[in-house]
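Contents: one structure, followed by commentary.
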Amino acid sequence: MNKIYVKDIKNYIGKEIEFSGFIDVVRDKKWVQFVILKDSTGKVQLTIEKSEEKNNEMVELISSISKDSVIKVKANVIENEAVKLGGLELIPSNIIVISHAEELPFDYNNLDGVNIDTRLDYRWLDIRNEKNMLIRQIESTLTEGMREFLYKENFTEIHTPKLIAAASESGSEVFEVKYFDRLAYLAQSPQFYKQMAIAGGLDKVFEVGPVFRAENSNTNRHATEFTGFDLEFAHIDSYEDVMDLEEDLLIAGLSKVKERFGEKIKEVFNTEVIIPTKPFPRIKLSELYKELHERYNFEIPTEDVGDMNAEAEKLTYKLAQEKYNSEFMFIVDYAATKRPFYHMRDEQGKLQGYDLIWRGTEITSGAQREHRYENLLNNAKEKGLGEDVKFYLQFFKYGCPAHGGFGIGLDRLTMLLLGLSSLKEAQFIFRGPNRLEP
Ligand code: ATP
């Protein structure tokens, strides 16, 4: 069977079709039953005249059926201007019940006052909500736009292992997994393997995949598992090349979203998709501290000097808007002590990496990577990393081009794009310190 979707029913006017979908609403009137059916593309009206004897069985069935049951109908598609849903209706000759729905634990069409954790407990009902379904479709479109861009730029999509033998990459905590008679860990990023691909001569690679962080923090922007949009490419001259590419990538993704969903996003999420112009403003961390102090009387706490914190990110957005009329801001010149050992430093020890802030939250860390074996070894030693990174260091022993890349948190991107309050809203299925189910 070729499922006909609501959005395509208009192509079948005057014909008999089979259609299956959820029951959204039943309006049981004196002379007629209106049944609103829906699928992921929209809603359509089914009209059953009670006066017609041949409809008796269907009328009885509809009288007793619960909302959100799934039915399959054989029906004629009739043009009818009076029908609000697309000016057409389905006149059925047969209805069968595919699945009966029990009474729902909450009304997903009106989520005001429904606790987010109750919603997540029944996430499959929660995403029947139109807005939540849209979030999924918009994130998919964002990924599509970014993927398309990378394919056009001759990137190769790779898939790297998430079960790994060694734990050390950066400060982030990793999850341990029992792996037969030993321990394994869940990958906290595809970093090492993206670089292995570069050492393997692949030149341009990316991966969209799960990333695990054993961070016991309950912020609105941290999950213990999220989707990383990671890429790495070779033969660069500077981390500036990496920032340039990221600008193009984000413009491509956002343009695709605006083209397909711009109006809908305005209507449903009350927010505008703004396509940034190049170059995004770039600022040195020390200069940023100065600006934030002068403008907003902000002082970076001692423990965060050389780095950012949530408050600084918020104010950076303010600055980006006020001074540069931009939603984005690149920050460079982080302290090497605050960054992973594989980020390149120049002769003066200056870090060749950056973060990108969008709408007040970090969305990316990027850098030129250290590709010289000896330097990498020294950086690793400085950070007290030994055995755990030995396998990784080997990648750089047999020739490796200069390269760089970055990792974007896709879930965060979606959250910020649509102005959602947290990753619990933005992720398809949220994972946090207190949530491993459903
Ligand atoms: P943060 O400082 O915000 O915790 P990070 O510096 O640990 O982030 P990276 O290791 O650079 O982040 O990861 C790359 C990107 O992945 C980040 O810019 C962010 O968009 C996303 N990210 C990082 N940690 C999380 C998390 N726990 N949940 C969701 N997204 C995350």
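Residue numbers start at 1 in each chain; chains themselves are named A, B, ... in the order of the structure tokens; ligands are numbered from 1 in the order shown.
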
Dump as a Markdown table the rows for residues of chain A within 7 Å of ligand 1: closest atom pair and distance in Å with one decimal, only C-alpha atoms and all ligand atoms counted, ordered by chain and rising residue number.
| residue | atom | partner | partner_atom_place_in_ligand_line | distance |
| --- | --- | --- | --- | --- |
| A:Ser172 | CA | ligand 1 | 7 (O) | 6.5 |
| A:Arg213 | CA | ligand 1 | 27 (N) | 5.7 |
| A:Glu215 | CA | ligand 1 | 27 (N) | 6.4 |
| A:Arg221 | CA | ligand 1 | 29 (C) | 5.7 |
| A:His222 | CA | ligand 1 | 28 (N) | 3.5 |
| A:Ala223 | CA | ligand 1 | 28 (N) | 3.9 |
| A:Thr224 | CA | ligand 1 | 27 (N) | 5.4 |
| A:Glu225 | CA | ligand 1 | 28 (N) | 6.6 |
| A:Phe226 | CA | ligand 1 | 29 (C) | 5.3 |
| A:Gly228 | CA | ligand 1 | 16 (O) | 6.2 |
| A:Glu362 | CA | ligand 1 | 18 (O) | 5.1 |
| A:Ile363 | CA | ligand 1 | 20 (O) | 3.5 |
| A:Thr364 | CA | ligand 1 | 18 (O) | 3.3 |
| A:Ser365 | CA | ligand 1 | 11 (O) | 4.2 |
| A:Gly407 | CA | ligand 1 | 14 (C) | 4.7 |
| A:Ile408 | CA | ligand 1 | 15 (C) | 4.6 |
| A:Gly409 | CA | ligand 1 | 20 (O) | 3.4 |
| A:Leu410 | CA | ligand 1 | 20 (O) | 6.8 |
| A:Asp411 | CA | ligand 1 | 29 (C) | 6.4 |
| A:Arg412 | CA | ligand 1 | 20 (O) | 5.7 |

Could you save those same residues with C-alpha atoms as a PDB file, in the first residue's frame?
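Written output follows (selection_15.pdb):
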ATOM      1  CA  SER A 172      34.347  16.141  30.466  1.00  0.00           C
ATOM      2  CA  ARG A 213      28.700  13.362  28.802  1.00  0.00           C
ATOM      3  CA  GLU A 215      27.785  15.761  33.561  1.00  0.00           C
ATOM      4  CA  ARG A 221      21.400  23.318  28.015  1.00  0.00           C
ATOM      5  CA  HIS A 222      23.115  20.173  29.211  1.00  0.00           C
ATOM      6  CA  ALA A 223      22.019  16.625  28.501  1.00  0.00           C
ATOM      7  CA  THR A 224      23.922  13.451  29.263  1.00  0.00           C
ATOM      8  CA  GLU A 225      23.401  12.290  25.689  1.00  0.00           C
ATOM      9  CA  PHE A 226      23.011  14.660  22.785  1.00  0.00           C
ATOM     10  CA  GLY A 228      26.863  16.178  17.884  1.00  0.00           C
ATOM     11  CA  GLU A 362      27.784  28.445  23.316  1.00  0.00           C
ATOM     12  CA  ILE A 363      26.944  26.282  20.341  1.00  0.00           C
ATOM     13  CA  THR A 364      30.384  25.278  19.114  1.00  0.00           C
ATOM     14  CA  SER A 365      33.996  24.736  20.047  1.00  0.00           C
ATOM     15  CA  GLY A 407      31.543  20.239  17.027  1.00  0.00           C
ATOM     16  CA  ILE A 408      28.095  21.777  17.188  1.00  0.00           C
ATOM     17  CA  GLY A 409      25.501  20.612  19.687  1.00  0.00           C
ATOM     18  CA  LEU A 410      22.559  20.018  17.371  1.00  0.00           C
ATOM     19  CA  ASP A 411      20.010  19.946  20.188  1.00  0.00           C
ATOM     20  CA  ARG A 412      21.210  23.290  21.462  1.00  0.00           C
TER      21      ARG A 412
END

Helix (DSSP H, G or I) per DSSP on the backbone: members of range 59-302 of chain A, as a PyMOL selection string = chain A and resi 59-64+116-121+123-126+130-152+191-199+239-269+285-296+302

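For the set A:Phe341, A:Tyr373, A:Tyr392, A:Tyr324, the residue with the smallest atom-to-atom gap to Gln195 in chain A is A:Tyr392, counting only C-alpha atoms.
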
So how far away is CA of Lys204 in chain A from CA of Gln394 in chain A, in Å?
-> 20.0 Å

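The environment of Asp126 in chain A within 9 Å, counting only C-alpha atoms and disregarding residues fewer than 2 places along the same chain, consists of Phe106, Asp107, Tyr108, Asn109, Leu111, Arg119, Leu120, Asp121, Tyr122, Arg123, Trp124, Arg128, Asn129, Asn132 and Met133 of chain A.
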
For each of A:Glu176, A:Asp230, A:Glu57, A:Glu287, take the minimum atom-to-atom distance to Thr143 in chain A, counting only C-alpha atoms, then give the residue where this is smallest.
-> A:Asp230

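In terms of minimum interatomic distance to Gly404 in chain A, A:Val205 ranks closest within A:Val205, A:Ile138, A:Ala312, A:Leu183, counting only C-alpha atoms.
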
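Counting only C-alpha atoms, the residue from A:Leu104, A:Ala234, A:Leu85, A:Ala167 that sits nearest to Leu385 in chain A is A:Ala167.
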
Within 12 Å of range 300-304 of chain A, which residues of range 314-371 of chain A come that close, and what is the closest atom pair and distance in Å for each? Count only C-alpha atoms and give it as JSON lines.
{"residue": "A:Leu315", "atom": "CA", "partner": "A:Ile300", "partner_atom": "CA", "distance": 11.4}
{"residue": "A:Tyr334", "atom": "CA", "partner": "A:Asp304", "partner_atom": "CA", "distance": 10.7}
{"residue": "A:Ala335", "atom": "CA", "partner": "A:Asp304", "partner_atom": "CA", "distance": 10.1}
{"residue": "A:Thr337", "atom": "CA", "partner": "A:Asp304", "partner_atom": "CA", "distance": 11.1}
{"residue": "A:Lys338", "atom": "CA", "partner": "A:Asp304", "partner_atom": "CA", "distance": 8.9}

Export all heavy atoms of the chosen residues as a compact mmCIF listing (two decimals), in the first residue's frame?
# COMPACT_ATOMS: atom_id res chain seq x y z
N LEU A 315 25.71 37.94 28.18
CA LEU A 315 26.07 39.34 27.91
C LEU A 315 26.75 39.48 26.55
O LEU A 315 26.63 40.52 25.90
CB LEU A 315 26.96 39.86 29.04
CG LEU A 315 26.26 40.00 30.39
CD1 LEU A 315 27.26 40.35 31.50
CD2 LEU A 315 25.16 41.06 30.33
N TYR A 334 41.27 31.94 23.80
CA TYR A 334 41.02 31.30 25.11
C TYR A 334 42.37 30.89 25.71
O TYR A 334 43.35 30.70 24.98
CB TYR A 334 40.16 30.05 24.94
CG TYR A 334 38.69 30.35 24.78
CD1 TYR A 334 38.17 30.69 23.54
CD2 TYR A 334 37.83 30.28 25.87
CE1 TYR A 334 36.82 30.96 23.38
CE2 TYR A 334 36.47 30.55 25.71
CZ TYR A 334 35.97 30.90 24.48
OH TYR A 334 34.65 31.17 24.33
N ALA A 335 42.41 30.72 27.01
CA ALA A 335 43.63 30.25 27.65
C ALA A 335 43.85 28.78 27.30
O ALA A 335 42.91 27.98 27.36
CB ALA A 335 43.51 30.40 29.17
N THR A 337 45.26 26.60 28.91
CA THR A 337 45.03 25.73 30.08
C THR A 337 43.56 25.30 30.17
O THR A 337 43.25 24.29 30.80
CB THR A 337 45.36 26.49 31.39
OG1 THR A 337 44.72 27.77 31.32
CG2 THR A 337 46.85 26.65 31.56
N LYS A 338 42.67 26.09 29.56
CA LYS A 338 41.24 25.79 29.66
C LYS A 338 40.75 24.94 28.49
O LYS A 338 39.56 24.62 28.42
CB LYS A 338 40.43 27.10 29.67
CG LYS A 338 40.77 28.03 30.80
CD LYS A 338 40.08 27.60 32.08
CE LYS A 338 40.27 28.64 33.17
NZ LYS A 338 39.71 28.20 34.46

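With CA of Lys278 in chain A on one side and CA of Asp244 in chain A on the other, the separation reads 8.4 Å.
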
Shortest interatomic distance to Gly432 in chain A - which of A:Ala214, A:Ile36, A:Leu150, A:Leu356, counting only C-alpha atoms = A:Ala214

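Counting only C-alpha atoms, Asp333 in chain A has the following residues at most 10 Å away, ignoring those fewer than 6 positions along the same chain: Ile283, Lys284, Leu285, Ser286, Glu287, Gly306, Asp307, Arg345, Lys350, Leu351, Gln352, Gly353, Tyr354 and Asp355 of chain A.
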
The selected residues should be written to file as a compact mmCIF listing (two decimals), in the first residue's frame (atoms: N, CA and C atoms).
# COMPACT_ATOMS: atom_id res chain seq x y z
N ILE A 283 35.92 38.25 18.29
CA ILE A 283 36.49 39.09 19.36
C ILE A 283 37.43 38.25 20.23
N LYS A 284 38.52 38.90 20.67
CA LYS A 284 39.45 38.22 21.57
C LYS A 284 38.84 38.19 22.97
N LEU A 285 39.12 37.14 23.69
CA LEU A 285 38.53 36.98 25.03
C LEU A 285 38.85 38.17 25.93
N SER A 286 40.12 38.63 25.88
CA SER A 286 40.51 39.75 26.76
C SER A 286 39.72 41.01 26.40
N GLU A 287 39.54 41.22 25.12
CA GLU A 287 38.76 42.40 24.69
C GLU A 287 37.30 42.27 25.12
N GLY A 306 40.14 33.26 31.53
CA GLY A 306 40.68 32.49 30.39
C GLY A 306 39.62 31.67 29.70
N ASP A 307 38.38 31.79 30.22
CA ASP A 307 37.27 30.99 29.70
C ASP A 307 35.98 31.82 29.80
N ARG A 345 48.47 25.37 19.56
CA ARG A 345 48.95 26.66 20.08
C ARG A 345 49.98 27.18 19.10
N LYS A 350 49.82 30.76 22.04
CA LYS A 350 48.43 31.25 21.91
C LYS A 350 47.55 30.19 21.26
N LEU A 351 46.40 30.00 21.84
CA LEU A 351 45.50 28.94 21.38
C LEU A 351 44.86 29.26 20.03
N GLN A 352 44.87 28.29 19.15
CA GLN A 352 44.34 28.49 17.80
C GLN A 352 42.91 27.94 17.69
N GLY A 353 42.10 28.34 18.63
CA GLY A 353 40.73 27.81 18.65
C GLY A 353 39.71 28.89 18.97
N TYR A 354 38.47 28.50 18.99
CA TYR A 354 37.39 29.47 19.22
C TYR A 354 36.15 28.79 19.76
N ASP A 355 35.27 29.61 20.29
CA ASP A 355 33.90 29.17 20.58
C ASP A 355 32.96 30.08 19.79

Under the rule of at most 9 Å, produce a per-residue listing of range 110-188 of chain A near range 252-258 of chain A: chain, number, name, the closest pair of atoms, and the distance in Å, as a tab-separated table, using only C-alpha atoms.
residue	atom	partner	partner_atom	distance
A:Ile138	CA	A:Val257	CA	6.5
A:Glu139	CA	A:Val257	CA	8.4
A:Thr141	CA	A:Val257	CA	5.9
A:Leu142	CA	A:Gly253	CA	4.8
A:Thr143	CA	A:Gly253	CA	6.6
A:Glu144	CA	A:Gly253	CA	7.2
A:Gly145	CA	A:Gly253	CA	4.2
A:Met146	CA	A:Gly253	CA	4.6
A:Arg147	CA	A:Gly253	CA	8.2
A:Glu148	CA	A:Ala252	CA	8.3
A:Phe149	CA	A:Ala252	CA	6.4

Would you save the residues from that selection as a PDB file, in the first residue's frame, using C-alpha atoms?
ATOM      1  CA  ILE A 138      12.494  21.727  11.688  1.00  0.00           C
ATOM      2  CA  GLU A 139      15.524  20.042  13.268  1.00  0.00           C
ATOM      3  CA  THR A 141      15.417  20.347   7.909  1.00  0.00           C
ATOM      4  CA  LEU A 142      18.280  22.110   9.660  1.00  0.00           C
ATOM      5  CA  THR A 143      20.356  18.934   9.490  1.00  0.00           C
ATOM      6  CA  GLU A 144      19.345  18.418   5.873  1.00  0.00           C
ATOM      7  CA  GLY A 145      20.525  21.925   4.943  1.00  0.00           C
ATOM      8  CA  MET A 146      23.851  21.462   6.704  1.00  0.00           C
ATOM      9  CA  ARG A 147      24.379  17.966   5.300  1.00  0.00           C
ATOM     10  CA  GLU A 148      23.590  19.157   1.766  1.00  0.00           C
ATOM     11  CA  PHE A 149      26.136  21.927   2.121  1.00  0.00           C
TER      12      PHE A 149
END

Shell around Ala184 in chain A at 8 Å using only C-alpha atoms, local window under 2 positions removed, as a VMD selection string = chain A and resid 163 to 166 176 to 179 182 186

Those residues you just picked out, can you put them in a file as a compact mmCIF listing (two decimals), in the first residue's frame with C-alpha atoms?
# COMPACT_ATOMS: atom_id res chain seq x y z
CA LEU A 163 32.27 2.30 22.66
CA ILE A 164 35.86 3.21 23.38
CA ALA A 165 38.69 1.77 25.42
CA ALA A 166 40.20 4.91 26.93
CA GLU A 176 31.83 3.69 32.13
CA VAL A 177 30.30 0.59 30.59
CA LYS A 178 30.88 -3.01 31.55
CA TYR A 179 32.46 -4.55 28.48
CA ARG A 182 36.77 -5.14 31.38
CA LEU A 186 31.00 5.95 25.97

Between A:Phe280, A:Lys264, A:Leu46, A:Gly113, which has the minimum distance to Arg27 in chain A (counting only C-alpha atoms)?
-> A:Leu46

Looking only at the backbone, which of the residues in range 86-253 of chain A does DSSP tag as strand (DSSP E), as a PyMOL selection string?
-> chain A and resi 88-99+156-157+163-164+176-179+182-186+204-212+225-234

Write out as a PyMOL selection string each polymer residue whose atoms come within 9 Å of range 267-277 of chain A, counting only C-alpha atoms; drop sequence neighbours fewer than 4 positions from it.
-> chain A and resi 131+247+250-252+254-255+257-258+261-263+326-328+417-420
